[in-house]
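A.B. asks: Below is the structure I would like to discuss, written out as structure tokens.
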Amino acid sequence: MKKLRANMDRYFDKLDERWQALPVRKQHQYTLYFFVGYLLLTTGVIFKVWYDTSKSGNDMIIEHIENPVL
């Protein structure tokens with residue numbers, strides 16, 4: 001477990017070094033792209049939930065539970 005943790009720490013340190021090596025303008029651009037992607041994904045999910053709830057008939061069929069053994 002310690003070896004996995006050490007490998008993960010090394011990987012994230014390398015990743016952080018690569019991020020810090022990028023120019024600030026490029027960092028800003030990547031951050032903006034990720035935010036726009038997140039915003040589009042969130043909007044899509046909210047629209048899908050809204051669409052599914054608005055088209056349902058809100059009717060629930062209540063029946064007796066049948067014994068699967070019989």
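Here's how to read the names in the structure tokens: chain A, B, ... by the order shown, residue numbers from 1 in each chain, ligand numbers from 1 in the order shown.
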So that I can check the secondary structure, give me every residue of chain A assigned alpha helix (DSSP H) by backbone DSSP, as a PyMOL selection string.
C.D. replies: chain A and resi 2-21+24-55
A.B. asks: Can I get the selected residues back with C-alpha atoms, as a tab-separated table (two decimals), in the first residue's frame?
C.D. replies:
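Once everything was written out, this is result_26.tsv:
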chain	number	residue	atom	x	y	z
A	2	LYS	CA	2.88	2.35	0.76
A	3	LYS	CA	4.42	1.62	-2.64
A	4	LEU	CA	1.15	2.50	-4.38
A	5	ARG	CA	0.93	5.72	-2.39
A	6	ALA	CA	4.54	6.61	-3.26
A	7	ASN	CA	3.95	5.93	-6.95
A	8	MET	CA	0.82	8.07	-6.92
A	9	ASP	CA	2.66	10.90	-5.16
A	10	ARG	CA	5.46	10.76	-7.74
A	11	TYR	CA	2.96	10.75	-10.60
A	12	PHE	CA	1.05	13.74	-9.22
A	13	ASP	CA	4.29	15.60	-8.55
A	14	LYS	CA	5.37	15.08	-12.17
A	15	LEU	CA	1.95	16.16	-13.35
A	16	ASP	CA	2.13	19.29	-11.20
A	17	GLU	CA	5.59	20.10	-12.55
A	18	ARG	CA	4.30	19.79	-16.10
A	19	TRP	CA	1.37	22.07	-15.25
A	20	GLN	CA	3.65	24.66	-13.65
A	21	ALA	CA	5.92	24.55	-16.72
A	24	VAL	CA	0.01	31.12	-17.54
A	25	ARG	CA	-1.96	31.93	-20.68
A	26	LYS	CA	-2.05	28.24	-21.65
A	27	GLN	CA	-3.07	27.28	-18.09
A	28	HIS	CA	-5.91	29.79	-18.26
A	29	GLN	CA	-6.98	28.45	-21.65
A	30	TYR	CA	-7.04	24.82	-20.44
A	31	THR	CA	-8.93	25.79	-17.28
A	32	LEU	CA	-11.49	27.65	-19.38
A	33	TYR	CA	-11.94	24.65	-21.71
A	34	PHE	CA	-12.45	22.28	-18.77
A	35	PHE	CA	-14.96	24.68	-17.20
A	36	VAL	CA	-16.93	25.02	-20.45
A	37	GLY	CA	-16.99	21.22	-20.81
A	38	TYR	CA	-18.20	20.86	-17.23
A	39	LEU	CA	-20.85	23.53	-17.82
A	40	LEU	CA	-22.11	21.79	-20.99
A	41	LEU	CA	-22.24	18.43	-19.23
A	42	THR	CA	-24.12	19.90	-16.26
A	43	THR	CA	-26.56	21.69	-18.56
A	44	GLY	CA	-27.17	18.48	-20.51
A	45	VAL	CA	-27.88	16.48	-17.36
A	46	ILE	CA	-30.23	19.13	-15.96
A	47	PHE	CA	-32.07	19.33	-19.29
A	48	LYS	CA	-32.38	15.52	-19.46
A	49	VAL	CA	-33.79	15.33	-15.92
A	50	TRP	CA	-36.19	18.19	-16.66
A	51	TYR	CA	-37.30	16.54	-19.92
A	52	ASP	CA	-37.83	13.12	-18.33
A	53	THR	CA	-39.82	14.51	-15.41
A	54	SER	CA	-41.98	16.73	-17.60
A	55	LYS	CA	-42.98	13.95	-20.01
